[in-house]
>>> print(open('entry12.txt').read())   # compact mmCIF, C-alpha atoms
# COMPACT_ATOMS: atom_id res chain seq x y z
CA MET A 1 -38.57 14.97 2.04
CA ALA A 2 -37.04 11.49 1.97
CA ILE A 3 -35.89 10.29 5.37
CA ALA A 4 -33.85 7.19 5.93
CA ILE A 5 -35.03 4.98 8.77
CA LEU A 6 -32.50 4.72 11.56
CA GLY A 7 -30.24 1.73 10.99
CA ASP A 8 -31.84 0.84 7.64
CA GLU A 9 -29.21 -1.19 5.80
CA SER A 10 -30.61 -0.15 2.41
CA CYS A 11 -29.64 3.46 3.12
CA ARG A 12 -25.95 2.70 3.48
CA ASP A 13 -23.62 3.47 0.62
CA ARG A 14 -22.36 0.49 -1.30
CA PRO A 15 -18.89 -0.56 -0.19
CA ILE A 16 -16.10 0.27 -2.64
CA TYR A 17 -13.51 -2.46 -3.20
CA VAL A 18 -10.10 -1.13 -4.20
CA ARG A 19 -7.20 -3.06 -5.71
CA VAL A 20 -3.78 -1.40 -5.60
CA SER A 21 -0.51 -2.67 -7.06
CA CYS A 22 2.42 -3.08 -4.68
CA CYS A 23 5.95 -2.41 -5.93
CA ARG A 24 7.75 -4.18 -3.08
CA ASP A 25 6.96 -7.61 -4.55
CA ASN A 26 6.55 -8.25 -8.26
CA ASN A 27 2.90 -8.51 -9.37
CA SER A 28 1.44 -8.38 -5.88
CA TYR A 29 -1.63 -6.37 -4.88
CA CYS A 30 -3.22 -4.92 -1.77
CA TRP A 31 -6.99 -4.87 -1.34
CA TYR A 32 -9.03 -2.32 0.61
CA VAL A 33 -12.70 -1.52 1.16
CA ILE A 34 -14.23 1.92 1.79
CA GLU A 35 -17.37 1.75 3.96
CA ASP A 36 -19.74 4.00 5.89
CA LYS A 37 -18.69 4.79 9.46
CA HIS A 38 -20.75 3.06 12.19
CA TRP A 39 -24.09 3.24 10.44
CA GLY A 40 -27.05 3.80 12.73
CA ALA A 41 -25.61 6.54 14.93
CA GLU A 42 -27.93 9.06 13.32
CA SER A 43 -30.55 9.18 10.61
CA LEU A 44 -29.94 10.79 7.26
CA SER A 45 -32.37 13.21 5.63
CA LEU A 46 -32.15 14.91 2.30
CA SER A 47 -34.68 17.19 0.66
CA SER A 48 -34.52 18.99 -2.62
CA SER A 49 -34.16 22.30 -0.77
CA SER A 50 -31.17 21.05 1.26
CA ALA A 51 -29.63 19.64 -1.90
CA GLN A 52 -30.00 23.02 -3.60
CA SER A 53 -28.56 24.72 -0.51
CA SER A 54 -25.56 22.40 -0.64
CA PHE A 55 -25.18 23.14 -4.34
CA SER A 56 -25.17 26.88 -3.65
CA SER A 57 -22.69 26.58 -0.79
CA THR A 58 -20.16 24.82 -2.99
CA THR A 59 -19.94 27.88 -5.21
CA SER A 60 -20.21 30.67 -2.67
CA SER A 61 -16.56 31.05 -1.72
CA SER A 62 -13.38 31.42 -3.69
CA SER A 63 -9.87 32.67 -3.05
CA ASP A 64 -7.76 35.06 -5.10
CA ASN A 65 -6.09 32.26 -7.04
CA GLU A 66 -9.40 30.68 -8.12
CA GLU A 67 -11.21 31.38 -11.36
CA GLU A 68 -14.98 31.17 -11.59
CA ASP A 69 -16.37 29.25 -14.59
CA GLY A 70 -20.16 29.26 -14.33
CA ASN A 71 -20.92 27.47 -11.08
CA ASN A 72 -17.64 25.56 -10.96
CA VAL A 73 -14.64 26.85 -9.08
CA ILE A 74 -11.47 26.16 -11.06
CA ARG A 75 -8.07 26.07 -9.42
CA ALA A 76 -4.98 25.24 -11.44
CA CYS A 77 -2.37 23.03 -9.82
CA LYS A 78 1.19 23.59 -11.01
CA SER A 79 3.02 20.69 -9.41
CA GLU A 80 2.80 17.66 -7.13
CA SER A 81 3.83 19.81 -4.16
CA ASP A 82 0.95 22.20 -4.97
CA LEU A 83 -1.39 19.20 -4.95
CA ASN A 84 -0.23 18.25 -1.47
CA ARG A 85 -0.80 21.84 -0.35
CA LEU A 86 -4.31 21.85 -1.81
CA ILE A 87 -5.20 18.61 -0.10
CA SER A 88 -3.87 20.14 3.16
CA ILE A 89 -2.96 16.93 4.93
CA PRO A 90 0.37 17.11 6.78
CA TYR A 91 1.99 13.75 6.29
CA SER A 92 2.54 13.51 10.05
CA GLU A 93 -1.24 13.41 10.45
CA LEU A 94 -1.48 10.29 8.33
CA ARG A 95 -0.40 6.99 9.80
CA TYR A 96 2.70 5.42 8.30
CA ASN A 97 0.59 2.51 7.13
CA SER A 98 2.82 -0.46 6.54
CA LEU A 99 2.25 -3.91 5.11
CA ASP A 100 4.07 -5.23 8.15
CA GLY A 101 1.48 -3.81 10.55
CA ASN A 102 -0.96 -6.01 12.45
CA TYR A 103 -4.01 -3.76 12.11
CA ASP A 104 -6.66 -3.61 9.40
CA ILE A 105 -8.25 -0.17 9.84
CA LEU A 106 -6.26 2.60 8.19
CA GLU A 107 -6.35 6.19 9.37
CA CYS A 108 -8.03 8.47 6.86
CA LYS A 109 -9.43 11.98 6.61
CA SER A 110 -13.17 11.53 6.11
CA GLU A 111 -16.29 12.57 7.99
CA SER A 112 -18.38 9.66 6.79
CA ASP A 113 -16.18 6.75 5.72
CA THR A 114 -13.62 4.28 6.98
CA ILE A 115 -11.11 2.35 4.91
CA ARG A 116 -9.69 -1.00 5.92
CA ARG A 117 -7.37 -3.56 4.47
CA ILE A 118 -9.09 -6.82 3.54
CA SER A 119 -7.51 -10.22 3.30
CA ILE A 120 -7.76 -11.50 -0.27
CA PRO A 121 -5.29 -14.08 -1.54
CA ASP A 122 -2.87 -12.74 -4.11
CA SER A 123 -4.09 -13.55 -7.62
CA ASN A 124 -0.77 -12.92 -9.43
CA LEU A 125 -2.87 -11.61 -12.29
CA ARG A 126 -1.98 -8.62 -14.46
CA TYR A 127 -4.10 -6.75 -16.99
CA ASN A 128 -7.63 -7.71 -16.02
CA SER A 129 -10.95 -6.06 -15.25
CA LEU A 130 -12.77 -6.19 -11.92
CA ALA A 131 -16.43 -6.66 -11.00
CA VAL A 132 -18.26 -7.36 -7.73
CA LEU A 133 -21.52 -9.30 -8.00
CA ASP A 134 -23.46 -10.56 -5.00
CA SER A 135 -20.77 -11.81 -2.61
CA HIS A 136 -18.15 -12.59 -5.28
CA ILE A 137 -15.21 -10.68 -6.73
CA TYR A 138 -14.50 -11.39 -10.41
CA LEU A 139 -11.21 -10.82 -12.21
CA ILE A 140 -11.69 -11.20 -15.96
CA GLY A 141 -8.79 -11.84 -18.31
CA GLY A 142 -5.12 -11.26 -17.63
CA ASP A 143 -2.03 -13.37 -17.42
CA ILE A 144 0.11 -14.85 -14.66
CA ASP A 145 3.75 -13.81 -14.93
CA THR A 146 5.71 -16.98 -14.23
CA GLU A 147 9.13 -15.62 -15.20
CA THR A 148 10.52 -16.44 -11.77
CA MET A 149 9.48 -20.07 -12.30
CA ASN A 150 11.08 -20.27 -15.76
CA GLU A 151 7.72 -20.92 -17.39
CA ASP A 152 5.74 -19.20 -20.11
CA GLU A 153 2.96 -16.82 -19.16
CA LYS A 154 -0.28 -18.57 -18.27
CA ASN A 155 -3.39 -16.90 -19.63
CA ILE A 156 -6.76 -17.45 -18.02
CA GLY A 157 -10.37 -16.59 -18.78
CA TYR A 158 -11.55 -15.42 -15.38
CA ARG A 159 -11.38 -16.28 -11.72
CA HIS A 160 -13.71 -15.45 -8.87
CA LEU A 161 -13.56 -15.40 -5.11
CA GLU A 162 -16.35 -15.49 -2.56
CA LEU A 163 -15.75 -12.76 0.00
CA GLY A 164 -14.52 -14.25 3.24
CA GLN A 165 -12.97 -17.26 1.51
CA ASN A 166 -9.27 -17.73 0.79
CA GLN A 167 -9.14 -19.49 -2.57
CA TRP A 168 -9.76 -18.28 -6.11
CA GLN A 169 -11.86 -20.41 -8.46
CA PHE A 170 -10.85 -20.60 -12.14
CA GLY A 171 -13.06 -20.71 -15.20
CA GLY A 172 -13.71 -19.60 -18.75
CA GLY A 173 -10.77 -20.86 -20.80
CA ASN A 174 -8.06 -18.47 -22.00
CA LEU A 175 -8.13 -14.75 -22.77
CA LEU A 176 -4.93 -14.01 -24.64
CA TYR A 177 -5.09 -10.23 -24.45
CA GLU A 178 -5.31 -7.53 -21.80
CA GLN A 179 -8.46 -6.26 -20.11
CA TYR A 180 -8.72 -2.98 -18.19
CA GLY A 181 -10.35 -1.23 -15.25
CA VAL A 182 -13.95 -1.81 -14.26
CA ALA A 183 -16.19 -4.50 -15.73
CA ALA A 184 -19.91 -3.67 -16.05
CA VAL A 185 -22.69 -5.78 -14.53
CA GLY A 186 -25.83 -5.87 -16.67
CA HIS A 187 -29.46 -5.99 -15.57
CA ASP A 188 -29.53 -9.71 -16.38
CA GLY A 189 -26.48 -10.42 -14.20
CA SER A 190 -24.05 -10.76 -17.11
CA ILE A 191 -20.62 -9.13 -16.76
CA TYR A 192 -19.09 -7.22 -19.68
CA SER A 193 -15.31 -6.79 -19.81
CA VAL A 194 -13.47 -4.42 -22.15
CA GLY A 195 -9.84 -4.28 -23.27
CA CYS A 196 -8.01 -5.45 -26.36
CA ASN A 197 -11.12 -7.57 -26.92
CA GLN A 198 -14.64 -7.42 -25.47
CA TYR A 199 -16.27 -10.29 -23.55
CA ARG A 200 -19.56 -11.25 -21.94
CA LEU A 201 -19.43 -13.52 -18.89
CA SER A 202 -22.47 -15.37 -17.61
CA PRO A 203 -21.67 -16.15 -13.93
CA ASP A 204 -24.54 -18.66 -13.71
CA THR A 205 -23.21 -20.86 -16.52
CA GLY A 206 -19.54 -19.88 -16.46
CA ILE A 207 -19.65 -19.23 -20.21
CA LEU A 208 -17.28 -16.51 -21.42
CA GLU A 209 -18.27 -15.22 -24.86
CA LYS A 210 -16.08 -13.05 -27.08
CA LEU A 211 -18.02 -10.27 -28.79
CA SER A 212 -17.60 -9.55 -32.49
CA LEU A 213 -14.91 -7.12 -33.62
CA PRO A 214 -16.13 -3.51 -33.34
CA PRO A 215 -15.86 -0.95 -36.13
CA PRO A 216 -13.64 0.58 -37.37
CA LEU A 217 -11.35 -2.38 -36.65
CA ASN A 218 -13.40 -4.78 -38.77
CA ARG A 219 -12.89 -2.55 -41.81
CA GLY A 220 -9.09 -2.83 -41.78
CA SER A 221 -6.91 -5.11 -43.84
CA ASN A 222 -5.72 -6.95 -40.75
CA PRO A 223 -8.66 -8.28 -38.70
CA ASP A 224 -6.30 -9.45 -35.95
CA VAL A 225 -5.03 -5.95 -35.16
CA LEU A 226 -5.27 -5.15 -31.46
CA CYS A 227 -6.55 -1.84 -30.16
CA GLU A 228 -6.91 -0.75 -26.55
CA SER A 229 -10.56 0.01 -25.85
CA HIS A 230 -12.15 1.36 -22.68
CA LEU A 231 -15.55 0.86 -21.10
CA LEU A 232 -17.77 3.94 -21.07
CA ALA A 233 -21.13 2.57 -19.89
CA LEU A 234 -23.68 -0.22 -20.01
CA THR A 235 -27.40 0.46 -20.43
CA LYS A 236 -30.28 -2.02 -20.52
CA GLU A 237 -29.82 -2.31 -24.29
CA LYS A 238 -26.29 -1.23 -25.23
CA LEU A 239 -22.61 -1.44 -24.29
CA PHE A 240 -20.63 1.77 -24.93
CA ILE A 241 -16.85 1.73 -25.38
CA TYR A 242 -14.28 4.10 -26.85
CA MET A 243 -10.94 3.71 -28.66
CA ASN A 244 -8.23 6.20 -29.49
CA LEU A 245 -8.37 5.83 -33.28
CA GLY A 246 -9.77 9.15 -34.47
CA PRO A 247 -8.07 11.98 -36.35
CA ASP A 248 -5.78 14.32 -34.37
CA ASP A 249 -5.55 11.86 -31.49
CA SER A 250 -9.31 11.93 -30.81
CA ASN A 251 -11.49 9.09 -29.57
CA VAL A 252 -13.99 6.94 -31.46
CA MET A 253 -17.14 5.90 -29.54
CA VAL A 254 -18.98 2.74 -30.56
CA SER A 255 -21.95 0.90 -29.06
CA TYR A 256 -22.90 -2.77 -29.06
CA ASP A 257 -26.58 -3.72 -29.16
CA LEU A 258 -27.11 -6.51 -26.61
CA GLY A 259 -30.13 -7.82 -28.54
CA THR A 260 -29.02 -7.75 -32.17
CA LYS A 261 -25.30 -8.19 -31.31
CA GLN A 262 -24.40 -5.49 -33.83
CA TRP A 263 -22.01 -2.53 -33.46
CA ASP A 264 -22.87 1.10 -34.22
CA ASP A 265 -20.18 3.79 -34.68
CA CYS A 266 -22.30 6.79 -35.70
CA TYR A 267 -21.11 8.95 -32.82
CA PRO A 268 -19.01 12.15 -32.80
CA TYR A 269 -15.27 12.04 -32.18
CA PHE A 270 -14.23 13.38 -28.79
CA SER A 271 -11.02 14.05 -26.83
CA GLY A 272 -9.53 13.14 -23.47
CA LYS A 273 -9.22 10.20 -21.09
CA TRP A 274 -12.49 8.98 -19.58
CA SER A 275 -13.70 6.93 -16.66
CA THR A 276 -16.33 4.26 -16.89
CA GLY A 277 -19.57 6.19 -16.66
CA VAL A 278 -23.01 5.95 -15.07
CA VAL A 279 -26.25 6.05 -17.09
CA LEU A 280 -29.31 7.70 -15.48
CA TYR A 281 -32.72 9.16 -16.35
CA ASN A 282 -34.19 6.12 -18.12
CA ASP A 283 -30.96 5.38 -19.97
CA ARG A 284 -30.96 8.87 -21.54
CA TYR A 285 -27.82 10.49 -20.09
CA LEU A 286 -24.33 9.05 -19.67
CA PHE A 287 -22.21 10.73 -16.96
CA SER A 288 -18.45 10.19 -17.14
CA PHE A 289 -15.39 11.85 -15.63
CA GLY A 290 -13.11 13.22 -18.35
CA SER A 291 -9.64 14.74 -18.26
CA GLN A 292 -10.86 17.62 -20.47
CA ALA A 293 -13.92 18.97 -22.27
CA PRO A 294 -14.85 16.24 -24.77
CA MET A 295 -15.36 18.47 -27.82
CA SER A 296 -12.20 20.56 -27.32
CA PRO A 297 -8.95 19.65 -29.16
CA ALA A 298 -6.93 16.79 -27.69
CA VAL A 299 -4.33 18.10 -25.24
CA THR A 300 -0.61 17.93 -26.04
CA ALA A 301 2.34 19.30 -24.10
CA ARG A 302 3.46 21.42 -27.08
CA GLN A 303 0.07 23.00 -27.58
CA LYS A 304 0.10 26.74 -28.28
CA PRO A 305 -1.24 28.97 -26.99
CA VAL A 306 -1.15 27.55 -23.46
CA ARG A 307 -4.66 26.90 -22.15
CA LEU A 308 -6.27 25.69 -18.95
CA VAL A 309 -7.51 22.12 -19.15
CA VAL A 310 -10.59 21.53 -16.99
CA PRO A 311 -11.42 17.97 -15.94
CA GLY A 312 -14.96 17.28 -14.84
CA VAL A 313 -18.03 15.08 -14.93
CA TYR A 314 -19.40 15.59 -18.44
CA VAL A 315 -22.73 14.41 -19.89
CA PHE A 316 -23.41 12.51 -23.12
CA ASP A 317 -26.99 12.59 -24.42
CA ILE A 318 -27.50 9.06 -25.75
CA GLN A 319 -30.76 9.91 -27.52
CA GLU A 320 -29.33 12.95 -29.33
CA ARG A 321 -25.87 11.37 -29.76
CA ARG A 322 -23.96 14.40 -28.55
CA TRP A 323 -21.98 15.70 -25.58
CA LEU A 324 -23.50 18.57 -23.62
CA ASP A 325 -21.44 21.75 -23.73
CA GLU A 326 -20.87 22.15 -19.99
CA PRO A 327 -19.78 19.77 -17.24
CA VAL A 328 -21.93 19.02 -14.21
CA LYS A 329 -21.94 22.15 -12.04
CA GLY A 330 -21.21 22.45 -8.34
CA LEU A 331 -18.07 20.27 -8.09
CA ARG A 332 -14.81 22.00 -7.28
CA THR A 333 -11.72 21.07 -9.30
CA ASP A 334 -9.48 21.55 -6.27
CA GLY A 335 -7.81 18.16 -5.86
CA ILE A 336 -10.28 17.24 -3.12
CA VAL A 337 -13.77 17.08 -4.67
CA LEU A 338 -12.49 16.59 -8.24
CA PRO A 339 -8.95 16.26 -9.58
CA TYR A 340 -7.17 19.54 -10.15
CA CYS A 341 -6.76 21.45 -13.42
CA PHE A 342 -3.59 21.74 -15.47
CA GLU A 343 -2.28 24.15 -18.04
CA THR A 344 -1.21 22.42 -21.25
CA HIS A 345 2.52 23.08 -20.78
CA ASP A 346 2.38 21.52 -17.29
CA TYR A 347 1.39 18.11 -18.60
CA GLU A 348 4.07 15.49 -18.30
CA ALA A 349 4.86 13.80 -21.59
CA ILE A 350 4.42 10.01 -21.39
CA PRO A 351 6.41 8.75 -23.24
CA ASP A 352 6.73 11.68 -25.67
CA ASP A 353 5.41 15.18 -26.12
CA TYR A 354 2.27 14.02 -27.91
CA ASP A 355 1.12 11.23 -25.61
CA CYS A 356 0.53 13.21 -22.46
CA GLY A 357 -2.08 13.74 -19.83
CA PRO A 358 -2.96 13.64 -16.14
CA LEU A 359 -1.22 11.08 -13.97
CA TYR A 360 -4.32 9.91 -12.10
CA SER A 361 -6.70 7.06 -12.96
CA PRO A 362 -10.19 8.21 -11.96
CA TYR A 363 -13.09 5.84 -11.32
CA LEU A 364 -16.73 6.96 -11.21
CA LEU A 365 -19.03 4.59 -9.32
CA GLN A 366 -22.72 4.36 -8.48
CA ILE A 367 -22.85 3.89 -4.69
CA GLY A 368 -26.40 4.69 -3.55
CA LYS A 369 -28.59 1.71 -2.68
CA GLN A 370 -31.85 3.67 -2.63
CA ASN A 371 -30.74 6.76 -4.56
CA ASP A 372 -29.13 5.72 -7.83
CA HIS A 373 -28.03 9.34 -8.41
CA LYS A 374 -25.49 9.10 -5.56
CA LEU A 375 -22.00 8.68 -7.02
CA ALA A 376 -18.39 8.49 -5.89
CA LEU A 377 -15.22 9.47 -7.74
CA LEU A 378 -11.88 7.89 -6.76
CA TRP A 379 -8.37 8.64 -7.94
CA GLU A 380 -4.82 8.46 -6.62
CA CYS A 381 -1.46 10.21 -6.50
CA GLN A 382 1.82 9.47 -4.75
CA CYS A 383 2.47 10.64 -1.17
CA GLU A 384 5.65 12.52 -0.38
CA HIS A 385 7.02 9.84 1.93
CA PRO A 386 9.81 10.87 4.35
CA ASP A 387 11.95 8.17 2.73
CA PRO A 388 12.10 9.09 -1.00
CA SER A 389 12.83 5.47 -1.91
CA VAL A 390 9.47 4.29 -0.50
CA ALA A 391 6.41 4.49 -2.74
CA GLN A 392 3.03 5.09 -1.13
CA CYS A 393 -0.35 5.79 -2.72
CA LEU A 394 -2.60 8.59 -1.54
CA LEU A 395 -6.18 7.51 -2.29
CA ILE A 396 -8.68 10.36 -2.70
CA TRP A 397 -12.46 10.08 -3.06
CA SER A 398 -15.53 12.30 -3.07
CA LYS A 399 -19.23 11.54 -2.93
CA PHE A 400 -22.03 13.61 -4.46
CA ILE A 401 -25.62 13.49 -5.71
CA LEU A 402 -26.62 14.42 -9.28
CA ASN A 403 -29.74 16.42 -10.12
CA PRO A 404 -31.05 18.45 -13.08
CA ALA A 405 -31.16 22.18 -12.49
CA PRO A 406 -34.56 22.72 -10.79
CA SER A 407 -35.43 26.02 -12.52
CA SER A 408 -34.35 25.07 -16.02
CA SER A 409 -36.92 25.15 -18.82
CA ASP A 410 -34.39 23.72 -21.30
CA PRO A 411 -35.47 20.52 -23.10
CA ILE A 412 -32.01 19.23 -22.17
CA PRO A 413 -31.50 20.61 -18.65
CA PRO A 414 -28.06 21.44 -17.24
CA PHE A 415 -27.06 19.20 -14.36
CA TYR A 416 -25.61 20.10 -10.98
CA ALA A 417 -24.21 18.05 -8.12
CA SER A 418 -24.51 18.41 -4.38
CA SER A 419 -21.16 17.54 -2.87
CA LEU A 420 -21.63 15.33 0.20
CA THR A 421 -18.33 14.13 1.65
CA THR A 422 -14.68 13.65 0.75
CA GLY A 423 -11.95 11.34 1.96
CA ARG A 424 -8.18 10.92 1.69
CA CYS A 425 -6.01 8.11 2.94
CA ALA A 426 -2.33 7.27 2.67
CA LEU A 427 -2.37 3.56 1.91
CA ASP A 428 0.27 1.06 2.95
CA GLU A 429 3.90 1.73 2.21
CA TRP A 430 5.05 0.31 -1.15
CA THR A 431 1.61 0.75 -2.71
CA ASP A 432 2.17 2.07 -6.20
CA GLU A 433 -0.95 2.50 -8.35
CA LEU A 434 -4.74 2.28 -8.16
CA PHE A 435 -5.24 -0.74 -10.40
CA ASN A 436 -9.02 -1.05 -10.43
CA CYS A 437 -12.01 -0.78 -8.12
CA ALA A 438 -15.72 -1.60 -8.05
CA ALA A 439 -18.80 -0.93 -5.92
CA GLY A 440 -20.31 -3.87 -4.06
CA LEU A 441 -23.95 -4.46 -3.20
>>> encode(input="entry12.txt", output="C-alpha cells")
Amino acid sequence: MAIAILGDESCRDRPIYVRVSCCRDNNSYCWYVIEDKHWGAESLSLSSSSAQSSFSSTTSSSSDNEEEDGNNVIRACKSESDLNRLISIPYSELRYNSLDGNYDILECKSESDTIRRISIPDSNLRYNSLAVLDSHIYLIGGDIDTETMNEDEKNIGYRHLELGQNQWQFGGGNLLYEQYGVAAVGHDGSIYSVGCNQYRLSPDTGILEKLSLPPPLNRGSNPDVLCESHLLALTKEKLFIYMNLGPDDSNVMVSYDLGTKQWDDCYPYFSGKWSTGVVLYNDRYLFSFGSQAPMSPAVTARQKPVRLVVPGVYVFDIQERRWLDEPVKGLRTDGIVLPYCFETHDYEAIPDDYDCGPLYSPYLLQIGKQNDHKLALLWECQCEHPDPSVAQCLLIWSKFILNPAPSSSDPIPPFYASSLTTGRCALDEWTDELFNCAAGL
C-alpha cells in the first residue's frame, strides 16, 4: 500500500492551466487554473485492492437507458438538453460568473478541486500551442490580428510569461502558419509544437527549429502544401503526430525520430478525432482519447445503417504498431466521466454532411506527481444561460488512474481505469471555447 505523507507537496495533482476564448472582445482570452482543494486536510491512500474495488464499483450500476459494453457503461445523448440533464447541475446552482466580478474563485461541482481565474495579460495571439515548463507559460506560433489598427497581421515565433509577472517576453522569429492545442515537453526540456508545421523549441537557448516535412507531404508535387497536423504523443525517442490525409477520410500517423531526425509513416490508417496522448509502460503504450473506435469506419452524418459511436480512451501499442481492439475499461461515457456517445445521424454537420463530429475539444493530461498513471480529461460545452444572447462555457473534467487488468495472462493486457473524481464549472459569462490547456509542475 502506498500512503502519501500528510501535507506532502509531491502528492498533489499538477495544476491544470486552462485558456478559454472570450467572444465579448475580439481575440481576448480568459485564463483559469484547476487545483487540489486545501491540501493537507487528510492523507491519501491507494492500494491495488482499493483501485480494483473502485474499478468494480464503476460498472456495478446501470439504468434502463444504459447499454453494457464489456465493463464500460454506454449512454447515448441525443441533444444538448439531454447533456445538461445527464450532468444534473441546475443552472441556479452555478454562480453567474461574470468577467465584471471582483472575485477569483469560481463555484464548481467537485469533491477534490477548485478552479480560479488567474491574471495573465492578454496575448492577442490566435492559433498557437501551449506548454507549461517550470514557472513559465509558453505560447508557440500564432499571429496577432491587428485589423483594428489598420495593420497587417504580425506573426511571431513564441512568447513566454513567468507566472506571477505581467509582461510577455518575445522570441524565436516568425512562424507563418497555425499551431494547435497542447505542445509536448520532452525529457531534455525541449518543447515540440505541432500544426501546419512542426517545431522544436529549446527554452534554454531560445532557438526555434522547424522540423523537416513529414511524409506523405514530402512526396507531393507541391512541397509547400499545408496540412493540419495534430500532436498524438512524445516519447523519449519519437514524436507522434497524425494528419487527415488517408483514404475514406481516415487519419495518417507518422513519427519523427528525435535522434536521426527522420520520419516514419509505416503505421495503420485510423479514424476519428484524437486528443494529445500519454505514453506509459516504458514508452510501450500510447493512451489517447478518441471520438470513436480507431479502426472503425470514419463517422459521417449520412452513414447507414445508423450506429452508436463510442468515444473513449483507446490504446496504441507502439512496439506492435497497432491499436488495441477495446478502449480502457471502467470509464462511463455519461457526459461526466467521459464525453457522451452519439448515434451517427445525431452528429451535426460542420460545415457539410461529410465533415462532422462531436462538438467538444477533449484534452488528456498527465497530472500525477508521484504516480504517472494518474490522468485527467477535460472538455467543454455551452451552458444554457438564462439570457440566450450570452455565451458561457461549461468546463467538465474527470480524473482517473490507469492500470493493466490484474488477472490477465494476455501478452498485451487489457487496461482498466479507476475513476477518482469529477468536476464541472460554468466559467465566466462570454466565454466561448476551450482553446488549449496544459498541466503544470
>>> atom_distance(input="entry12.txt", atom1="CA of Ile412 in chain A", atom2="CA of Asp317 in chain A")
8.6 Å
>>> atom_distance(input="entry12.txt", atom1="CA of Cys11 in chain A", atom2="CA of Gln370 in chain A")
6.2 Å
>>> residues_around(input="entry12.txt", residues="Asp249 in chain A", least_positions_apart="4", cutoff="7 Å", atoms="all atoms listed in the file", output="ChimeraX atom specification")
/A:244-245,298
>>> residues_around(input="entry12.txt", residues="range 188-198 of chain A", least_positions_apart="2", cutoff="9 Å", atoms="all atoms listed in the file", output="VMD selection string")
chain A and resid 127 to 131 133 140 to 141 175 177 to 186 200 to 204 209 to 214 226 to 231 234 236 239 241
>>> closest_residue(input="entry12.txt", among="A:Ala426, A:Ile34, A:Leu338, A:Leu258", to="Arg14 in chain A", atoms="all atoms listed in the file")
A:Ile34
>>> residues_near_point(input="entry12.txt", point="(-21.3, 10.2, -17.7)", cutoff="10 Å", atoms="all atoms listed in the file", output="NGL selection string")
:A and (232-233 or 274-280 or 285-290 or 312-317 or 323 or 327-328 or 364)
>>> closest_residue(input="entry12.txt", among="A:Pro311, A:Lys399, A:Gln382, A:Gly164", to="Asp36 in chain A", atoms="only C-alpha atoms")
A:Lys399
>>> atom_distance(input="entry12.txt", atom1="CA of Thr421 in chain A", atom2="CA of Gly368 in chain A")
13.5 Å
>>> residues_around(input="entry12.txt", residues="Ser112 in chain A", least_positions_apart="3", cutoff="9 Å", atoms="only C-alpha atoms", output="NGL selection string")
:A and (35-38 or 421-423)
>>> residues_near_point(input="entry12.txt", point="(-31.8, 1.3, -2.3)", cutoff="9 Å", atoms="all atoms listed in the file", output="ChimeraX atom specification")
/A:9-13,368-372
>>> residues_around(input="entry12.txt", residues="Arg116 in chain A", least_positions_apart="3", cutoff="6 Å", atoms="only C-alpha atoms", output="PyMOL selection string")
chain A and resi 32-33+104-106
>>> closest_residue(input="entry12.txt", among="A:Pro339, A:Gly172, A:Gly142, A:Pro413", to="Gln292 in chain A", atoms="all atoms listed in the file")
A:Pro339
>>> closest_residue(input="entry12.txt", among="A:Asp265, A:Asp428, A:Leu331, A:Tyr158", to="Glu107 in chain A", atoms="all atoms listed in the file")
A:Asp428
>>> residues_around(input="entry12.txt", residues="Val254 in chain A", least_positions_apart="2", cutoff="10 Å", atoms="all atoms listed in the file", output="PyMOL selection string")
chain A and resi 214-216+232+238-243+251-252+256+263-268
>>> write_last_selection(input="entry12.txt", atoms="C-alpha atoms", output="compact mmCIF listing (two decimals), in the frame of the given file")
# COMPACT_ATOMS: atom_id res chain seq x y z
CA PRO A 214 -16.13 -3.51 -33.34
CA PRO A 215 -15.86 -0.95 -36.13
CA PRO A 216 -13.64 0.58 -37.37
CA LEU A 232 -17.77 3.94 -21.07
CA LYS A 238 -26.29 -1.23 -25.23
CA LEU A 239 -22.61 -1.44 -24.29
CA PHE A 240 -20.63 1.77 -24.93
CA ILE A 241 -16.85 1.73 -25.38
CA TYR A 242 -14.28 4.10 -26.85
CA MET A 243 -10.94 3.71 -28.66
CA ASN A 251 -11.49 9.09 -29.57
CA VAL A 252 -13.99 6.94 -31.46
CA TYR A 256 -22.90 -2.77 -29.06
CA TRP A 263 -22.01 -2.53 -33.46
CA ASP A 264 -22.87 1.10 -34.22
CA ASP A 265 -20.18 3.79 -34.68
CA CYS A 266 -22.30 6.79 -35.70
CA TYR A 267 -21.11 8.95 -32.82
CA PRO A 268 -19.01 12.15 -32.80
